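Beneath this line is the structure, given in structure tokens, with notes to follow.
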Amino acid sequence: MSMNPAETTEDLKRRLPDWQHRKPIAERYPDVGTGALSIEPYVSEEFFEAERAKIFKKMWLYVGRAERIPKPGDYFVQVIEAVRSKRDGTFPSFIICRDRHGEIRAFHNTCQHRGTTVCWNAHETWETSHRKYFTCRFHGWVYDTDGTLKSVPDAQLFFDLDKAKRGLKPVHCAVWKDFIFINVDPAPRQTLLEQIRPHAELLQDFPFERIRKRGIWTATVAVNWKVAIDAFQEGYHVSTVHAATLPEAFCGPLNPYCRPTSIRVYPQGNRSVTFMVSPDFEPPEVEKWVRRRGSSWYAAGGGETHGQFPGVNPDGDPFYAFDCHGFFPNMLVDPFIGGFYGHEFWPISVNKTRWIGSINFLEATKPSDLIANEHGKTLLRDAFREDTVTLDATQIGLESGAIETTILSDMEMAPRHLYNTVVEMVNG
């Protein structure tokens, strides 16, 4: 947000929406609708199988940041449960690596001899692994980091072995602003930039490449993947779920229910929500001390800092805290002044999801930056723990037989847009 240095807090308050007389956001996006929503997409096995086939096997999926594999030979393994070939099949994994020329590539983690998994390291760990070559531990077939088959023990005993045709099977891979995406469809229907538009244009100058991960958390929760996403893309829950940690920061007298100050919905399920921090919030003394030395993950700095992070606060809302950008199908990227935090939601079954949350700050240049980063990481960790508490209980209720539809308020436009897009793609 470009702020006028002469503006006072009272000036900014006058620029806030008139909550009582504001036109509903639904009037701006009439196609999104306002009616009750069937719970079937949250509980139906058949619907989930259609999601796997028509969404997760067809679209670009975020798998990690380029910072994980900075050098040639660095790699990590990503398991993607939703793209398995059978309803109750095993979960396939993929090798994401930087080849000897520095190019980022992706391959099926499958030896082309008899199908054995090539790399066995756990996908949940953050640590980067490194290999000069990928060697199958079963029979010793050796692959280069560009996927080519380099060596086959006792190769003369094979019949018509063509090494050029037996390299690791590649997967479509694309990188945007250090975010790595793959697409398992042999012929993707669109490019990555086409899928993530307009986020790509809005955030093209945001300094993602200079931002580094400072904290990462993961949990497997008994909930549908869409329900899990919805818990992180609306503010209606803040005054209750975060009553012990954040309510004063986001639910002050001007905005007691943490209404978003602006919402935008885009084609293909992409959406964006902006939240404010209460101008009446008085941080604890330790937080004041930290803010004088570095960035928090909300309300971090005045107008002079916003220019360093272009693309934030697209509607110029007063008292800006952070944005929540929904990248369809399963990722949230939340930029703030100083970095971003993010979420991945990986469907395992109709009522089980693997969630990964992270906090990311601009690369530290002095010790005080590290102190501020650690403080922000601790605050967000506690908020994330609170966010995940309600997930299982929501799914239990949806499957209880006591509810047939859900209703959403005007401030829950992002969950409704996600729901509509999924239903349209499954039924299309």
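Identifiers for the structure tokens are assigned positionally: chains receive A, B, ... in sequence, residues are indexed from 1 per chain, and ligands are indexed from 1 in the order shown.
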Next on the checklist: For the strand (DSSP E) assignment from backbone DSSP, which residues of region 102-246 of chain A qualify? Please present them as a ChimeraX atom specification.
Outcome noted: /A:104-108,129-130,134-135,142-143,149-151,172-176,179-183,211-221
Go through region 206-325 of chain A residue by residue and, counting only C-alpha atoms, keep those with an atom at most 9 Å from region 51-69 of chain A; for each kept residue give the shortest atom pair and its distance in Å to one decimal, ordered by chain and increasing number, as CSV.
```
residue,atom,partner,partner_atom,distance
A:Glu209,CA,A:Glu67,CA,8.4
A:Arg212,CA,A:Glu67,CA,7.4
A:Lys213,CA,A:Glu67,CA,8.5
```
Checklist entry - Near region 75-91 of chain A, counting only C-alpha atoms, which residues have an atom at most 10 Å away, once you skip same-chain residues fewer than 6 positions from it, shown as a PyMOL selection string? => result chain A and resi 45-46+48-49+51-53+55-58+61+63-64+66+68-69+97-99+104-109+119-131+145+184-185+346-349+353-354
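For the choices A:Pro41, A:Gly311, A:Gly401, A:Gly102, the atom-to-atom distance to Lys71 (chain A) is smallest for A:Gly102 when using only C-alpha atoms.
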Checklist entry - Skipping near chain neighbours, those fewer than 3 positions away, what residues fall within 8 Å of region 230-238 of chain A using only C-alpha atoms, listed as a ChimeraX atom specification? => result /A:226-227,241-243,246-247,250-251,257-260,273,275,324,326,387,391,411-412,414-415
Could you save the residues just selected, with C-alpha atoms, as a PDB file, in the first residue's frame?
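What landed in selection_5.pdb:
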```pdb
ATOM      1  CA  LYS A 226     -11.498 -28.200   0.946  1.00  0.00           C
ATOM      2  CA  VAL A 227     -12.699 -27.924   4.546  1.00  0.00           C
ATOM      3  CA  VAL A 241     -10.522 -19.900  17.618  1.00  0.00           C
ATOM      4  CA  HIS A 242      -7.731 -17.409  18.329  1.00  0.00           C
ATOM      5  CA  ALA A 243      -9.222 -15.972  21.504  1.00  0.00           C
ATOM      6  CA  LEU A 246      -4.608 -12.952  18.383  1.00  0.00           C
ATOM      7  CA  PRO A 247      -8.067 -11.434  18.934  1.00  0.00           C
ATOM      8  CA  PHE A 250      -7.326  -8.475  14.431  1.00  0.00           C
ATOM      9  CA  CYS A 251     -10.682  -8.003  16.192  1.00  0.00           C
ATOM     10  CA  TYR A 257     -15.373 -10.023  13.701  1.00  0.00           C
ATOM     11  CA  CYS A 258     -12.215  -9.759  11.601  1.00  0.00           C
ATOM     12  CA  ARG A 259     -14.046  -8.981   8.392  1.00  0.00           C
ATOM     13  CA  PRO A 260     -11.747  -8.803   5.376  1.00  0.00           C
ATOM     14  CA  VAL A 273      -8.523 -11.704   0.547  1.00  0.00           C
ATOM     15  CA  PHE A 275      -7.128  -8.511   6.284  1.00  0.00           C
ATOM     16  CA  CYS A 324      -4.389 -14.422   1.505  1.00  0.00           C
ATOM     17  CA  GLY A 326      -5.682 -18.836  -3.009  1.00  0.00           C
ATOM     18  CA  ASP A 387      -6.415 -23.375  13.369  1.00  0.00           C
ATOM     19  CA  LEU A 391     -10.732 -29.497  11.523  1.00  0.00           C
ATOM     20  CA  MET A 411     -17.196 -12.559   4.367  1.00  0.00           C
ATOM     21  CA  GLU A 412     -16.773 -16.239   3.419  1.00  0.00           C
ATOM     22  CA  ALA A 414     -13.289 -17.295  -0.743  1.00  0.00           C
ATOM     23  CA  PRO A 415     -14.603 -20.665   0.565  1.00  0.00           C
TER      24      PRO A 415
END
```
Dump as JSON lines the rows for residues of region 228-303 of chain A within 9 Å of region 24-32 of chain A: closest atom pair and distance in Å with one decimal, only C-alpha atoms counted, ordered by chain and rising residue number.
```
{"residue": "A:Ser262", "atom": "CA", "partner": "A:Ile25", "partner_atom": "CA", "distance": 8.5}
{"residue": "A:Ile263", "atom": "CA", "partner": "A:Ile25", "partner_atom": "CA", "distance": 7.5}
{"residue": "A:Arg264", "atom": "CA", "partner": "A:Tyr29", "partner_atom": "CA", "distance": 8.8}
{"residue": "A:Val265", "atom": "CA", "partner": "A:Tyr29", "partner_atom": "CA", "distance": 7.7}
```
What does the file look like for those residues with N, CA and C atoms, as a compact mmCIF listing (two decimals), in the first residue's frame?
```txt
# COMPACT_ATOMS: atom_id res chain seq x y z
N SER A 262 -11.12 -6.32 1.93
CA SER A 262 -11.45 -6.47 0.51
C SER A 262 -11.29 -7.93 0.11
N ILE A 263 -12.07 -8.33 -0.90
CA ILE A 263 -12.02 -9.69 -1.42
C ILE A 263 -12.07 -9.60 -2.94
N ARG A 264 -11.30 -10.46 -3.59
CA ARG A 264 -11.32 -10.55 -5.05
C ARG A 264 -11.43 -12.00 -5.47
N VAL A 265 -12.28 -12.31 -6.42
CA VAL A 265 -12.35 -13.66 -6.97
C VAL A 265 -12.01 -13.60 -8.45
```
Next on the checklist: Which residue is closest to Lys163 (chain A)? Choose from A:Lys132, A:His113, A:Pro207, A:Glu194 and count only C-alpha atoms.
Outcome noted: A:His113
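With only C-alpha atoms as the atoms that count, the minimum distance from Asp162 (chain A) to the choices A:Asp146, A:Ile371, A:Phe336, A:Gln112 is reached by A:Gln112.
In this comparison, which uses only C-alpha atoms, the residue of A:Tyr341, A:Phe384, A:Phe309, A:Phe319 approaching Leu202 (chain A) most closely is A:Phe309.
The two atoms in question, CA of Asn183 (chain A) and CA of Arg137 (chain A), are spaced 26.9 Å apart.
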As a PDB file with N, CA and C atoms, in the first residue's frame, please: every residue in region 100-213 of chain A that a backbone DSSP assignment puts in alpha helix (DSSP H).
```
ATOM      1  N   LEU A 192       1.623 -23.177 -16.652  1.00  0.00           N
ATOM      2  CA  LEU A 192       1.533 -22.774 -15.248  1.00  0.00           C
ATOM      3  C   LEU A 192       1.068 -21.329 -15.120  1.00  0.00           C
ATOM      4  N   LEU A 193       1.634 -20.421 -15.919  1.00  0.00           N
ATOM      5  CA  LEU A 193       1.265 -19.013 -15.812  1.00  0.00           C
ATOM      6  C   LEU A 193      -0.199 -18.793 -16.155  1.00  0.00           C
ATOM      7  N   GLU A 194      -0.725 -19.573 -17.088  1.00  0.00           N
ATOM      8  CA  GLU A 194      -2.150 -19.461 -17.398  1.00  0.00           C
ATOM      9  C   GLU A 194      -2.998 -19.914 -16.220  1.00  0.00           C
ATOM     10  N   GLN A 195      -2.551 -20.939 -15.513  1.00  0.00           N
ATOM     11  CA  GLN A 195      -3.329 -21.464 -14.388  1.00  0.00           C
ATOM     12  C   GLN A 195      -3.314 -20.511 -13.198  1.00  0.00           C
ATOM     13  N   ILE A 196      -2.199 -19.849 -12.927  1.00  0.00           N
ATOM     14  CA  ILE A 196      -2.103 -19.032 -11.718  1.00  0.00           C
ATOM     15  C   ILE A 196      -2.360 -17.554 -11.993  1.00  0.00           C
ATOM     16  N   HIS A 199      -2.560 -14.040 -10.163  1.00  0.00           N
ATOM     17  CA  HIS A 199      -1.577 -13.946  -9.089  1.00  0.00           C
ATOM     18  C   HIS A 199      -0.178 -13.672  -9.641  1.00  0.00           C
ATOM     19  N   ALA A 200       0.137 -14.317 -10.775  1.00  0.00           N
ATOM     20  CA  ALA A 200       1.472 -14.167 -11.347  1.00  0.00           C
ATOM     21  C   ALA A 200       1.759 -12.721 -11.722  1.00  0.00           C
ATOM     22  N   GLU A 201       0.755 -12.038 -12.264  1.00  0.00           N
ATOM     23  CA  GLU A 201       0.946 -10.633 -12.630  1.00  0.00           C
ATOM     24  C   GLU A 201       0.982  -9.737 -11.396  1.00  0.00           C
ATOM     25  N   LEU A 202       0.079  -9.968 -10.455  1.00  0.00           N
ATOM     26  CA  LEU A 202      -0.005  -9.122  -9.269  1.00  0.00           C
ATOM     27  C   LEU A 202       1.276  -9.184  -8.441  1.00  0.00           C
TER      28      LEU A 202
END
```
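Across the model, the gap from CA of Gln268 (chain A) to CA of Gln190 (chain A) is 11.5 Å.
Atom pair CA of Gln395 (chain A) / CA of Thr220 (chain A) has a distance of 13.5 Å (rounded to one decimal).
Among the candidates A:Glu40, A:Gly397, A:Ala222, A:Ser368, the residue lying nearest to Trp289 (chain A) is A:Ser368 (atoms considered: only C-alpha atoms).
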